[in-house]
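J.: The structure is given below, and queries will be raised subsequently.
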Amino acid sequence: MLPLVCKRLSLLKSRPPPFGHGFSLFQSFIRPMSESSSSNDPQNFTVSYLQNSCGLSHNSAIAASKKLLFENSEQPDSVLELLRSQGLTKSQIEKIIVTRPQLLEANLEDTLRPKMEFLKSLGFSGASMVKLVTKDPRMLDCDLVESVQLFRARGFSDEQIKGLTMKLPSLHFYNVNKIVKPKLEFFKSMGFTAEDVARIVSSEPYILERSLENHIIPCIEVLKRVLGTDENVRKVIKACYWILEYNLEKMLEPNIAMLKSHGVPENIIMNMFLAHPRTFLLRPQQITEILAEVEKLGFNPNTSLFVLAIRSMAVMSKTLWEQKVEAYKSFGLTEDQVYTAFKLQPMCMITSEKKIKKVMHFLINKLNMDASMICRNPNLLMLSLEKRLIPRSSVLQLLISSGFLKEDINIIYYLRMPEQQFVEKLVRKYKPLLPNIVNAHEGRIEFLGFPVILKS
């Protein structure tokens, strides 16, 4: 049977069609379906367009075509041209279309251009516009007016609205009257000024994603129990906007209780918490491990140095800590000397590794200090090289070279002297005799170094 069928098909193929249109009709049956329908089927046209013009993969184009359908390229071409005119690259446009394919059907004059103009009125343009719409393409077809008006009415500047929009574009998609407005009013009821609220929210807009009843208010209640007064609560929130992101009941209260159990006085805990809230927001297990290290080093829990040591260890990993120890050792300090300096000034380990190396190089190679002098005066490591150490050294160099100061001065005394006292005692005093001393104090004279090893 099969040979007979094949033979008949062969005869049919070689026989001329009886009518003029017979050949095209037959060909339409043997042509691939995609070839015959792509020009007539809107979905196939859409898939093809998404692949060829927008750069989507075949699977992504099929998925996107389920959300939009068009029969010609006029409308999507105009949308792509507008996106390109804003500086968007091919890959950025692809990302936008994958996320928000409906934009290809958006009306340019009624939707896209007005939205872009409105975003420009908030300060978005060029790179910032590209970054925003790439981050959340919904910004090009959502209604921004109501949310922006709410923020403006609450005292937010356009710059602050731009900042919170860039960080959390989805804020504009919320029901602002039900979700955003009550939280802004709550902060105002706590005694924050309109300027305070605008500063907090624009810096940390993620707070507005949190439930008012289930998260924000319970956090405020914990802070009130710990700090005692509304004024202190406001002070901590201003110093640490993101504190309301944490579960304070599970983190803050246990950590404070742990410090008290190790003998740290409540007033020291409160002072440190008000100044550096971040230290108290570690997991209790981390605090337990750090406490053990600090006690091993011999810190007295009745002093603020105890809590400062905890803070220093809390803000870095063990690997980073060891790298900083090695940075000090590379300039001749022993490990014991490094820990001696740490016990005198725990903050010397918070200084970046880069600054450690720059300051140590200056102190040893320019000021001729030995390692033991630095170890006994670790506060020097906290001073600014450009704003304090170099300008003051230049002033002292000028005074020594002019004979107004002896070569064997105690430089530590002058470097640690309060700024106003240094200006009065040296700069203004000698300005009539050495007009150039002002330039030295302002860092406009190169410091060449001292010729002798200075006294500690």
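How things are named: the first chain in the structure tokens is A, the next is B, and so on; residues count from 1 in each chain; ligands count from 1 in the order shown.
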Write out as JSON, numbers by chain the set of residues from region 256-310 of chain A that DSSP, computed on the backbone, places in helix (DSSP H, G or I).

T.: {"A": [256, 257, 258, 259, 260, 261, 266, 267, 268, 269, 270, 271, 272, 273, 274, 275, 277, 278, 279, 280, 281, 284, 285, 286, 287, 288, 289, 290, 291, 292, 293, 294, 295, 296, 304, 305, 306, 307, 308, 309, 310]}

J.: List as a PyMOL selection string the protein and nucleic acid residues near Thr288 (chain A), meaning an atom at most 12 Å away when only C-alpha atoms are counted, but skip any in the same chain fewer than 2 places from it.

T.: chain A and resi 254-259+261-262+280+282-286+290-295+310+313-314

J.: May I have the residues within 9 Å of Ser121 (chain A) as an MDAnalysis selection string, using only C-alpha atoms and disregarding those fewer than 4 positions away in the same chain?

T.: chainID A and resid 116:117 158

J.: Determine, counting only C-alpha atoms, which protein, DNA and RNA residues have an atom within 9 Å of an atom of region 159-169 of chain A; residues of the same chain fewer than 4 positions away are not included. Present the result as a list in words.

T.: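 Using only C-alpha atoms, the neighbours found are Leu119, Leu122, Gly123, Phe124, Ser128, Lys131, Leu132, Lys135, Asp136, Arg138, Met139, Val148, Phe151, Arg152, Phe173, Ala198, Arg199, Val201, Ser202, Ser203, Glu204, Pro205 and Tyr206 of chain A.
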
J.: Give me the residues within 10 Å of Trp321 (chain A) as a PyMOL selection string, counting only C-alpha atoms and dropping any in the same chain fewer than 6 places off.

T.: chain A and resi 312-313+315+327+349-350+353

J.: Using only C-alpha atoms, which protein or nucleic acid residues come within 10 Å of region 354-371 of chain A? Drop anything in the same chain fewer than 3 positions from it, and give the result as number ranges by chain.

T.: A: 324-325, 327-334, 337-338, 348-351, 374-377, 380-386, 389-390, 393, 411-412, 447-456

J.: Give me the residues within 9 Å of Lys120 (chain A) as a PyMOL selection string, counting only C-alpha atoms and dropping any in the same chain fewer than 5 places off.

T.: chain A and resi 115+125+129

J.: Just write the chosen residues, C-alpha atoms, as a PDB file, in the first residue's frame.

T.:
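selection.pdb written:
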```
ATOM      1  CA  LYS A 115       4.754  61.103  32.705  1.00  0.00           C
ATOM      2  CA  SER A 125      16.668  63.607  33.703  1.00  0.00           C
ATOM      3  CA  MET A 129      15.625  59.087  34.518  1.00  0.00           C
TER       4      MET A 129
END
```

J.: Counting only C-alpha atoms, which residue out of A:Phe404, A:Tyr174, A:Tyr49, A:Tyr413 sits closest to Arg392 (chain A)?

T.: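 Ranking A:Phe404, A:Tyr174, A:Tyr49, A:Tyr413 by distance to Arg392 (chain A), first place goes to A:Tyr413.
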
J.: Pick from A:Ile445, A:Met347, A:Leu398, A:Ala341: nearest to Pro378 (chain A), with only C-alpha atoms counted?

T.: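 Selected residue with least distance to Pro378 (chain A): A:Ala341.
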
J.: One number please: CA of Cys240 (chain A) to CA of Ile268 (chain A), in Å, one decimal.

T.: 18.5 Å

J.: Nearest to Asp110 (chain A): which of A:Leu344, A:Leu83, A:Leu140, A:Ile97 is it, counting only C-alpha atoms?

T.: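 Residue with the minimum atom-to-atom distance to Asp110 (chain A): A:Leu140.
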
J.: So how far away is CA of Gly263 (chain A) from CA of Lys343 (chain A), in Å?

T.: 18.2 Å
